[in-house]
file data32.txt (compact mmCIF, C-alpha atoms)
# COMPACT_ATOMS: atom_id res chain seq x y z
CA MET A 1 68.42 -42.95 1.45
CA THR A 2 72.18 -42.82 0.95
CA MET A 3 73.84 -46.23 0.92
CA LYS A 4 77.42 -47.09 1.71
CA LEU A 5 78.76 -48.11 -1.67
CA THR A 6 81.87 -50.22 -2.14
CA GLU A 7 83.97 -48.95 -5.05
CA ASN A 8 86.45 -51.07 -6.96
CA ARG A 9 88.85 -49.26 -9.25
CA TRP A 10 89.90 -51.38 -12.24
CA LEU A 11 93.67 -51.03 -12.37
CA THR A 12 95.40 -50.93 -15.79
CA GLY A 13 92.59 -53.00 -17.35
CA HIS A 14 93.91 -56.36 -16.12
CA GLY A 15 91.60 -57.28 -13.26
CA TYR A 16 93.62 -56.23 -10.23
CA GLY A 17 91.36 -55.58 -7.24
CA VAL A 18 88.21 -57.15 -8.72
CA HIS A 19 87.12 -60.04 -6.51
CA SER A 20 83.74 -60.85 -8.04
CA PRO A 21 84.10 -63.59 -10.72
CA TRP A 22 81.01 -62.20 -12.46
CA ALA A 23 82.42 -58.67 -12.62
CA TYR A 24 85.86 -59.90 -13.65
CA ASP A 25 84.35 -61.93 -16.49
CA LEU A 26 82.25 -59.00 -17.69
CA ILE A 27 85.16 -56.56 -17.66
CA GLU A 28 87.73 -58.88 -19.18
CA PHE A 29 85.65 -60.70 -21.78
CA VAL A 30 82.93 -58.19 -22.69
CA ILE A 31 83.96 -54.62 -21.88
CA ASN A 32 87.65 -55.05 -22.74
CA GLU A 33 87.20 -57.69 -25.44
CA LYS A 34 89.18 -56.78 -28.60
CA TRP A 35 88.52 -59.79 -30.83
CA PRO A 36 86.19 -59.20 -33.78
CA TYR A 37 82.76 -60.79 -33.81
CA TYR A 38 81.16 -62.56 -36.75
CA ALA A 39 78.64 -59.78 -37.45
CA TYR A 40 80.97 -56.78 -37.42
CA ASP A 41 81.73 -56.92 -41.14
CA ASP A 42 78.04 -56.86 -42.06
CA LEU A 43 77.36 -54.00 -39.66
CA TYR A 44 79.95 -51.71 -41.18
CA SER A 45 77.41 -50.95 -43.90
CA PHE A 46 75.20 -49.27 -41.30
CA TRP A 47 77.90 -46.65 -40.97
CA GLU A 48 78.06 -46.15 -44.72
CA LYS A 49 74.30 -45.74 -45.18
CA ALA A 50 73.48 -43.78 -42.03
CA PRO A 51 72.99 -40.00 -42.38
CA ASP A 52 76.35 -38.55 -41.39
CA TYR A 53 74.75 -35.31 -40.21
CA LEU A 54 72.86 -37.14 -37.45
CA PRO A 55 74.57 -38.10 -34.15
CA GLN A 56 76.25 -41.48 -33.82
CA TYR A 57 78.89 -43.03 -31.58
CA PRO A 58 82.38 -44.27 -32.39
CA GLN A 59 82.52 -47.79 -33.74
CA SER A 60 84.14 -49.06 -30.54
CA ARG A 61 81.10 -48.02 -28.49
CA ASP A 62 78.68 -49.68 -30.90
CA GLU A 63 80.75 -52.86 -30.72
CA LEU A 64 80.51 -52.72 -26.92
CA LEU A 65 76.71 -52.60 -27.27
CA PHE A 66 76.90 -55.65 -29.51
CA ARG A 67 78.98 -57.56 -26.96
CA LEU A 68 76.69 -56.63 -24.06
CA THR A 69 73.67 -57.75 -26.06
CA ASN A 70 75.44 -60.95 -27.01
CA ARG A 71 76.32 -61.67 -23.37
CA PHE A 72 72.91 -61.03 -21.80
CA ASN A 73 70.67 -62.05 -24.70
CA PRO A 74 67.77 -59.65 -23.98
CA GLN A 75 64.46 -60.48 -25.61
CA PHE A 76 63.24 -56.88 -25.51
CA ILE A 77 65.63 -53.97 -26.07
CA LEU A 78 64.56 -50.34 -25.70
CA GLU A 79 66.66 -47.52 -27.11
CA VAL A 80 65.91 -43.86 -26.43
CA GLY A 81 67.58 -41.44 -28.82
CA THR A 82 68.06 -43.19 -32.16
CA GLY A 83 70.25 -40.59 -33.83
CA ALA A 84 71.57 -41.96 -37.10
CA GLY A 85 70.40 -45.46 -36.15
CA VAL A 86 73.82 -47.12 -36.26
CA SER A 87 73.72 -48.26 -32.63
CA THR A 88 70.26 -49.65 -33.26
CA GLY A 89 71.64 -51.90 -35.97
CA TYR A 90 74.29 -53.28 -33.61
CA LEU A 91 71.70 -53.96 -30.91
CA ALA A 92 69.33 -55.70 -33.31
CA SER A 93 71.88 -57.79 -35.17
CA VAL A 94 72.76 -60.16 -32.32
CA SER A 95 69.54 -62.15 -32.47
CA LYS A 96 66.62 -62.07 -34.88
CA LYS A 97 64.47 -63.26 -31.98
CA SER A 98 65.03 -60.09 -29.99
CA ARG A 99 62.61 -57.17 -30.29
CA VAL A 100 64.21 -53.75 -30.53
CA VAL A 101 62.16 -50.58 -30.09
CA THR A 102 64.02 -47.33 -30.70
CA VAL A 103 62.41 -43.98 -29.90
CA ASP A 104 63.57 -40.59 -31.12
CA ARG A 105 62.24 -37.11 -31.46
CA THR A 106 60.75 -36.19 -34.83
CA HIS A 107 63.24 -34.57 -37.22
CA PRO A 108 63.59 -33.99 -41.00
CA ALA A 109 65.68 -37.13 -41.62
CA VAL A 110 63.21 -39.61 -40.09
CA LYS A 111 62.44 -41.22 -43.46
CA GLU A 112 66.13 -41.75 -44.17
CA VAL A 113 66.76 -43.37 -40.80
CA ARG A 114 63.64 -45.52 -41.14
CA ARG A 115 64.74 -46.72 -44.58
CA ASN A 116 68.10 -47.87 -43.22
CA LEU A 117 66.57 -49.59 -40.18
CA LYS A 118 64.07 -51.49 -42.29
CA ARG A 119 66.95 -53.82 -43.12
CA MET A 120 66.49 -55.22 -39.61
CA ALA A 121 63.12 -56.97 -39.39
CA ASN A 122 63.17 -56.98 -35.58
CA VAL A 123 63.44 -53.18 -35.22
CA GLU A 124 60.52 -50.86 -34.54
CA TYR A 125 61.46 -47.22 -35.05
CA ILE A 126 59.22 -44.62 -33.41
CA ALA A 127 59.62 -40.93 -34.19
CA THR A 128 57.55 -38.80 -31.84
CA ASP A 129 56.99 -35.25 -30.68
CA ASN A 130 56.91 -36.46 -27.07
CA VAL A 131 59.65 -38.96 -26.28
CA LEU A 132 58.87 -39.31 -22.57
CA GLU A 133 55.18 -39.91 -23.17
CA THR A 134 56.02 -42.56 -25.77
CA VAL A 135 58.45 -44.33 -23.45
CA GLN A 136 55.80 -44.28 -20.72
CA GLU A 137 53.29 -45.86 -23.10
CA ILE A 138 55.77 -48.62 -23.98
CA LEU A 139 56.33 -49.39 -20.30
CA ASP A 140 52.61 -49.31 -19.60
CA GLY A 141 52.22 -52.01 -22.25
CA GLY A 142 53.44 -54.48 -19.63
CA GLU A 143 56.55 -55.88 -21.31
CA MET A 144 59.68 -54.67 -19.54
CA PRO A 145 62.94 -54.34 -21.50
CA GLN A 146 65.95 -56.33 -20.35
CA LEU A 147 68.38 -53.88 -21.98
CA VAL A 148 67.87 -50.12 -22.29
CA HIS A 149 70.22 -47.95 -24.32
CA VAL A 150 69.97 -44.30 -23.28
CA ALA A 151 71.56 -42.69 -26.29
CA HIS A 152 71.09 -39.46 -28.27
CA THR A 153 68.56 -37.72 -26.04
CA SER A 154 68.62 -34.58 -23.91
CA GLN A 155 66.05 -36.23 -21.63
CA TRP A 156 68.39 -38.92 -20.33
CA ARG A 157 67.76 -38.00 -16.70
CA GLN A 158 63.99 -38.26 -17.00
CA VAL A 159 64.22 -41.50 -18.98
CA VAL A 160 66.45 -43.30 -16.48
CA GLU A 161 64.47 -42.09 -13.47
CA MET A 162 61.26 -43.23 -15.16
CA LEU A 163 62.74 -46.67 -15.75
CA ILE A 164 64.29 -47.36 -12.34
CA PRO A 165 61.08 -48.19 -10.45
CA ARG A 166 59.74 -50.30 -13.33
CA LEU A 167 62.59 -52.55 -14.42
CA LYS A 168 63.05 -56.12 -13.20
CA SER A 169 66.13 -57.82 -11.80
CA ASP A 170 67.32 -59.00 -15.23
CA ALA A 171 67.59 -55.45 -16.59
CA LEU A 172 70.62 -53.44 -17.71
CA ILE A 173 70.65 -49.73 -18.55
CA VAL A 174 73.48 -48.44 -20.75
CA VAL A 175 73.98 -44.69 -20.35
CA GLU A 176 76.03 -42.90 -22.99
CA ASP A 177 78.09 -39.67 -22.90
CA MET A 178 79.33 -40.08 -19.34
CA GLY A 179 82.04 -37.49 -19.93
CA LYS A 180 79.60 -34.61 -19.51
CA LYS A 181 79.89 -32.79 -16.17
CA GLU A 182 76.15 -32.63 -15.54
CA LYS A 183 75.78 -36.34 -16.18
CA LYS A 184 78.72 -37.24 -13.93
CA GLU A 185 77.17 -35.30 -11.05
CA TRP A 186 73.81 -37.00 -11.58
CA TRP A 187 75.50 -40.41 -11.92
CA ASN A 188 77.24 -40.09 -8.54
CA GLY A 189 73.81 -39.84 -6.97
CA ILE A 190 71.99 -42.44 -9.04
CA ILE A 191 74.47 -45.23 -8.29
CA GLN A 192 73.58 -44.85 -4.60
CA ASP A 193 69.94 -45.74 -5.30
CA GLU A 194 69.00 -48.84 -3.32
CA ARG A 195 66.97 -50.13 -6.28
CA ILE A 196 70.13 -50.43 -8.39
CA GLY A 197 72.73 -53.16 -7.91
CA VAL A 198 76.18 -53.39 -9.48
CA THR A 199 77.32 -50.43 -11.57
CA PHE A 200 80.23 -49.81 -13.95
CA GLN A 201 81.57 -46.42 -15.00
CA MET A 202 83.76 -46.01 -18.06
CA PRO A 203 84.97 -42.68 -19.46
CA LYS A 204 82.03 -42.48 -21.91
CA VAL A 205 79.59 -45.22 -20.85
CA GLY A 206 77.85 -46.20 -17.62
CA LEU A 207 76.17 -49.53 -16.84
CA LEU A 208 73.39 -49.99 -14.29
CA PHE A 209 72.38 -53.52 -13.27
CA PHE A 210 69.26 -54.33 -11.26
CA ASP A 211 69.98 -57.74 -9.77
CA LEU A 212 69.95 -56.99 -6.03
CA LYS A 213 71.11 -60.51 -5.15
CA MET A 214 74.61 -59.40 -6.07
CA ASN A 215 76.61 -57.27 -3.64
CA LYS A 216 76.16 -53.61 -4.49
CA GLN A 217 79.47 -52.35 -5.87
CA HIS A 218 80.60 -49.60 -8.21
CA TYR A 219 83.43 -50.37 -10.64
CA LEU A 220 85.33 -47.36 -11.97
CA LEU A 221 87.09 -48.46 -15.16
call {"tool": "encode", "arguments": {"input": "data32.txt", "output": "structure tokens"}}
result
Amino acid sequence: MTMKLTENRWLTGHGYGVHSPWAYDLIEFVINEKWPYYAYDDLYSFWEKAPDYLPQYPQSRDELLFRLTNRFNPQFILEVGTGAGVSTGYLASVSKKSRVVTVDRTHPAVKEVRRNLKRMANVEYIATDNVLETVQEILDGGEMPQLVHVAHTSQWRQVVEMLIPRLKSDALIVVEDMGKKEKKEWWNGIIQDERIGVTFQMPKVGLLFFDLKMNKQHYLL
């Protein structure tokens, strides 16, 4: 089913054209927030100790993950595609009460990544030969994540489409690497899904919210 989707284009980053107070607040004080947070200094060490030959995102994108986690306070965070594990550290550092499960394919540097992530007691790192099967097992366990970070994985499409029918209204999916042509084409279809509510598209990151009580709108930032 194709839905008529209202699109708001965020003009010059200052809120013009955004009528929803919730969306305005999220864009202005989370997505575009430039002030440093208390934990940033401690998290810089994750960059220093992470294997530099494994994939990781620019610091600005990891700090966005931190701010999103800080805003929505998820109790269970699922990450698919750990890479060097830097983003995992940002996700896990907001609250020691949150549970972070990060899943990645098996690779030669697993021990090195695991050693770095052991600094965060609330992180469970799973290296597997079958990422999709492992994610399915996590979901079948009954506890649904409130925040999902779809990161360094070639199976992003399958992961998101597996999650959509399972997640609850309090969920947020963060999709990385939105600049890729294939992902942009897929994204234009997925934001029409009637099971997804408000969506935000940035040059490199997409956000999918599942609260259907809010008017379905797409914000192009």
call {"tool": "residues_around", "arguments": {"input": "data32.txt", "residues": "range 70-84 of chain A", "least_positions_apart": "2", "cutoff": "7 Å", "atoms": "all atoms listed in the file", "output": "PyMOL selection string"}}
result
chain A and resi 50-51+54-56+66-68+86+88+94+97-104+113+145-153
call {"tool": "atom_distance", "arguments": {"input": "data32.txt", "atom1": "CA of Asp129 in chain A", "atom2": "CA of Arg105 in chain A"}}
result
5.6 Å
call {"tool": "closest_atom_pairs", "arguments": {"input": "data32.txt", "of": "range 32-105 of chain A", "to": "range 195-213 of chain A", "cutoff": "12 Å", "atoms": "all atoms listed in the file", "output": "CSV"}}
result
residue,atom,partner,partner_atom,distance
A:Asn32,CA,A:Met202,CA,10.9
A:Tyr57,CA,A:Lys204,CA,10.2
A:Pro58,CA,A:Lys204,CA,10.6
A:Ser60,CA,A:Lys204,CA,11.1
A:Arg61,CA,A:Val205,CA,8.3
A:Asp62,CA,A:Val205,CA,11.0
A:Leu64,CA,A:Val205,CA,9.7
A:Leu65,CA,A:Val205,CA,10.2
A:Leu68,CA,A:Leu207,CA,10.1
A:Phe72,CA,A:Phe209,CA,11.4
call {"tool": "atom_distance", "arguments": {"input": "data32.txt", "atom1": "CA of Asn215 in chain A", "atom2": "CA of Leu163 in chain A"}}
result
21.2 Å
call {"tool": "closest_residue", "arguments": {"input": "data32.txt", "among": "A:Ala92, A:Leu117, A:Ile190, A:Val131", "to": "Lys49 in chain A", "atoms": "all atoms listed in the file"}}
result
A:Leu117
call {"tool": "decode", "arguments": {"input": "data32.txt", "residues": "range 25-65 of chain A", "atoms": "N, CA and C atoms", "output": "PDB file, in the first residue's frame"}}
result
ATOM      1  N   ASP A  25      11.880  20.292  18.084  1.00  0.00           N
ATOM      2  CA  ASP A  25      12.746  20.079  19.236  1.00  0.00           C
ATOM      3  C   ASP A  25      13.828  19.050  18.918  1.00  0.00           C
ATOM      4  N   LEU A  26      13.441  17.969  18.248  1.00  0.00           N
ATOM      5  CA  LEU A  26      14.410  16.926  17.920  1.00  0.00           C
ATOM      6  C   LEU A  26      15.478  17.450  16.956  1.00  0.00           C
ATOM      7  N   ILE A  27      15.061  18.193  15.951  1.00  0.00           N
ATOM      8  CA  ILE A  27      16.022  18.701  14.969  1.00  0.00           C
ATOM      9  C   ILE A  27      16.949  19.743  15.587  1.00  0.00           C
ATOM     10  N   GLU A  28      16.351  20.674  16.321  1.00  0.00           N
ATOM     11  CA  GLU A  28      17.132  21.798  16.840  1.00  0.00           C
ATOM     12  C   GLU A  28      18.042  21.409  17.998  1.00  0.00           C
ATOM     13  N   PHE A  29      17.543  20.551  18.899  1.00  0.00           N
ATOM     14  CA  PHE A  29      18.254  20.305  20.146  1.00  0.00           C
ATOM     15  C   PHE A  29      18.866  18.911  20.272  1.00  0.00           C
ATOM     16  N   VAL A  30      18.685  18.087  19.244  1.00  0.00           N
ATOM     17  CA  VAL A  30      19.347  16.774  19.233  1.00  0.00           C
ATOM     18  C   VAL A  30      20.167  16.623  17.957  1.00  0.00           C
ATOM     19  N   ILE A  31      19.515  16.682  16.812  1.00  0.00           N
ATOM     20  CA  ILE A  31      20.224  16.464  15.552  1.00  0.00           C
ATOM     21  C   ILE A  31      21.246  17.566  15.281  1.00  0.00           C
ATOM     22  N   ASN A  32      20.851  18.826  15.491  1.00  0.00           N
ATOM     23  CA  ASN A  32      21.739  19.948  15.192  1.00  0.00           C
ATOM     24  C   ASN A  32      22.504  20.468  16.405  1.00  0.00           C
ATOM     25  N   GLU A  33      22.372  19.803  17.531  1.00  0.00           N
ATOM     26  CA  GLU A  33      23.040  20.257  18.755  1.00  0.00           C
ATOM     27  C   GLU A  33      24.561  20.232  18.583  1.00  0.00           C
ATOM     28  N   LYS A  34      25.227  21.332  18.949  1.00  0.00           N
ATOM     29  CA  LYS A  34      26.687  21.443  18.791  1.00  0.00           C
ATOM     30  C   LYS A  34      27.429  21.471  20.129  1.00  0.00           C
ATOM     31  N   TRP A  35      26.701  21.661  21.232  1.00  0.00           N
ATOM     32  CA  TRP A  35      27.375  21.749  22.517  1.00  0.00           C
ATOM     33  C   TRP A  35      27.931  20.386  22.935  1.00  0.00           C
ATOM     34  N   PRO A  36      29.089  20.367  23.577  1.00  0.00           N
ATOM     35  CA  PRO A  36      29.663  19.089  24.016  1.00  0.00           C
ATOM     36  C   PRO A  36      28.900  18.516  25.200  1.00  0.00           C
ATOM     37  N   TYR A  37      28.854  17.204  25.275  1.00  0.00           N
ATOM     38  CA  TYR A  37      28.238  16.519  26.400  1.00  0.00           C
ATOM     39  C   TYR A  37      29.309  16.055  27.381  1.00  0.00           C
ATOM     40  N   TYR A  38      28.868  15.780  28.595  1.00  0.00           N
ATOM     41  CA  TYR A  38      29.797  15.430  29.672  1.00  0.00           C
ATOM     42  C   TYR A  38      30.662  14.221  29.357  1.00  0.00           C
ATOM     43  N   ALA A  39      30.143  13.257  28.584  1.00  0.00           N
ATOM     44  CA  ALA A  39      30.850  11.993  28.378  1.00  0.00           C
ATOM     45  C   ALA A  39      31.786  12.004  27.182  1.00  0.00           C
ATOM     46  N   TYR A  40      31.749  13.042  26.363  1.00  0.00           N
ATOM     47  CA  TYR A  40      32.534  13.020  25.132  1.00  0.00           C
ATOM     48  C   TYR A  40      34.031  12.827  25.396  1.00  0.00           C
ATOM     49  N   ASP A  41      34.547  13.517  26.397  1.00  0.00           N
ATOM     50  CA  ASP A  41      35.991  13.420  26.663  1.00  0.00           C
ATOM     51  C   ASP A  41      36.398  11.991  26.973  1.00  0.00           C
ATOM     52  N   ASP A  42      35.605  11.294  27.773  1.00  0.00           N
ATOM     53  CA  ASP A  42      35.927   9.906  28.115  1.00  0.00           C
ATOM     54  C   ASP A  42      35.814   8.991  26.904  1.00  0.00           C
ATOM     55  N   LEU A  43      34.927   9.310  25.990  1.00  0.00           N
ATOM     56  CA  LEU A  43      34.693   8.440  24.843  1.00  0.00           C
ATOM     57  C   LEU A  43      35.749   8.587  23.760  1.00  0.00           C
ATOM     58  N   TYR A  44      36.507   9.659  23.801  1.00  0.00           N
ATOM     59  CA  TYR A  44      37.560   9.821  22.800  1.00  0.00           C
ATOM     60  C   TYR A  44      38.544   8.646  22.833  1.00  0.00           C
ATOM     61  N   SER A  45      38.701   8.047  24.006  1.00  0.00           N
ATOM     62  CA  SER A  45      39.645   6.930  24.120  1.00  0.00           C
ATOM     63  C   SER A  45      39.187   5.717  23.320  1.00  0.00           C
ATOM     64  N   PHE A  46      37.888   5.616  23.041  1.00  0.00           N
ATOM     65  CA  PHE A  46      37.421   4.516  22.204  1.00  0.00           C
ATOM     66  C   PHE A  46      38.007   4.633  20.804  1.00  0.00           C
ATOM     67  N   TRP A  47      38.161   5.857  20.339  1.00  0.00           N
ATOM     68  CA  TRP A  47      38.782   6.058  19.038  1.00  0.00           C
ATOM     69  C   TRP A  47      40.244   5.621  19.066  1.00  0.00           C
ATOM     70  N   GLU A  48      40.924   5.955  20.128  1.00  0.00           N
ATOM     71  CA  GLU A  48      42.356   5.660  20.226  1.00  0.00           C
ATOM     72  C   GLU A  48      42.629   4.162  20.313  1.00  0.00           C
ATOM     73  N   LYS A  49      41.741   3.417  20.962  1.00  0.00           N
ATOM     74  CA  LYS A  49      41.993   1.992  21.197  1.00  0.00           C
ATOM     75  C   LYS A  49      41.294   1.083  20.190  1.00  0.00           C
ATOM     76  N   ALA A  50      40.430   1.627  19.371  1.00  0.00           N
ATOM     77  CA  ALA A  50      39.727   0.803  18.392  1.00  0.00           C
ATOM     78  C   ALA A  50      40.648   0.468  17.217  1.00  0.00           C
ATOM     79  N   PRO A  51      40.534  -0.734  16.661  1.00  0.00           N
ATOM     80  CA  PRO A  51      41.348  -1.099  15.494  1.00  0.00           C
ATOM     81  C   PRO A  51      41.065  -0.164  14.327  1.00  0.00           C
ATOM     82  N   ASP A  52      42.077   0.554  13.873  1.00  0.00           N
ATOM     83  CA  ASP A  52      41.834   1.555  12.830  1.00  0.00           C
ATOM     84  C   ASP A  52      41.641   0.940  11.452  1.00  0.00           C
ATOM     85  N   TYR A  53      41.833  -0.373  11.320  1.00  0.00           N
ATOM     86  CA  TYR A  53      41.617  -1.030  10.040  1.00  0.00           C
ATOM     87  C   TYR A  53      40.198  -1.592   9.929  1.00  0.00           C
ATOM     88  N   LEU A  54      39.395  -1.428  10.982  1.00  0.00           N
ATOM     89  CA  LEU A  54      37.991  -1.818  10.934  1.00  0.00           C
ATOM     90  C   LEU A  54      37.131  -0.577  10.706  1.00  0.00           C
ATOM     91  N   PRO A  55      35.942  -0.738  10.108  1.00  0.00           N
ATOM     92  CA  PRO A  55      35.114   0.434   9.783  1.00  0.00           C
ATOM     93  C   PRO A  55      34.594   1.145  11.027  1.00  0.00           C
ATOM     94  N   GLN A  56      34.544   2.455  10.961  1.00  0.00           N
ATOM     95  CA  GLN A  56      33.951   3.282  11.998  1.00  0.00           C
ATOM     96  C   GLN A  56      33.467   4.570  11.356  1.00  0.00           C
ATOM     97  N   TYR A  57      32.620   5.297  12.077  1.00  0.00           N
ATOM     98  CA  TYR A  57      32.020   6.510  11.538  1.00  0.00           C
ATOM     99  C   TYR A  57      32.748   7.748  12.048  1.00  0.00           C
ATOM    100  N   PRO A  58      32.554   8.873  11.391  1.00  0.00           N
ATOM    101  CA  PRO A  58      33.132  10.119  11.900  1.00  0.00           C
ATOM    102  C   PRO A  58      32.610  10.411  13.300  1.00  0.00           C
ATOM    103  N   GLN A  59      33.395  11.111  14.056  1.00  0.00           N
ATOM    104  CA  GLN A  59      33.040  11.432  15.436  1.00  0.00           C
ATOM    105  C   GLN A  59      31.684  12.126  15.530  1.00  0.00           C
ATOM    106  N   SER A  60      31.369  12.980  14.576  1.00  0.00           N
ATOM    107  CA  SER A  60      30.103  13.715  14.617  1.00  0.00           C
ATOM    108  C   SER A  60      28.903  12.769  14.568  1.00  0.00           C
ATOM    109  N   ARG A  61      29.027  11.668  13.837  1.00  0.00           N
ATOM    110  CA  ARG A  61      27.914  10.717  13.739  1.00  0.00           C
ATOM    111  C   ARG A  61      27.786   9.908  15.019  1.00  0.00           C
ATOM    112  N   ASP A  62      28.901   9.569  15.637  1.00  0.00           N
ATOM    113  CA  ASP A  62      28.837   8.875  16.925  1.00  0.00           C
ATOM    114  C   ASP A  62      28.235   9.782  17.994  1.00  0.00           C
ATOM    115  N   GLU A  63      28.556  11.049  17.943  1.00  0.00           N
ATOM    116  CA  GLU A  63      27.990  11.989  18.918  1.00  0.00           C
ATOM    117  C   GLU A  63      26.485  12.164  18.698  1.00  0.00           C
ATOM    118  N   LEU A  64      26.025  12.067  17.456  1.00  0.00           N
ATOM    119  CA  LEU A  64      24.591  12.082  17.192  1.00  0.00           C
ATOM    120  C   LEU A  64      23.925  10.867  17.837  1.00  0.00           C
ATOM    121  N   LEU A  65      24.545   9.703  17.720  1.00  0.00           N
ATOM    122  CA  LEU A  65      24.013   8.502  18.375  1.00  0.00           C
ATOM    123  C   LEU A  65      23.898   8.712  19.880  1.00  0.00           C
TER     124      LEU A  65
END
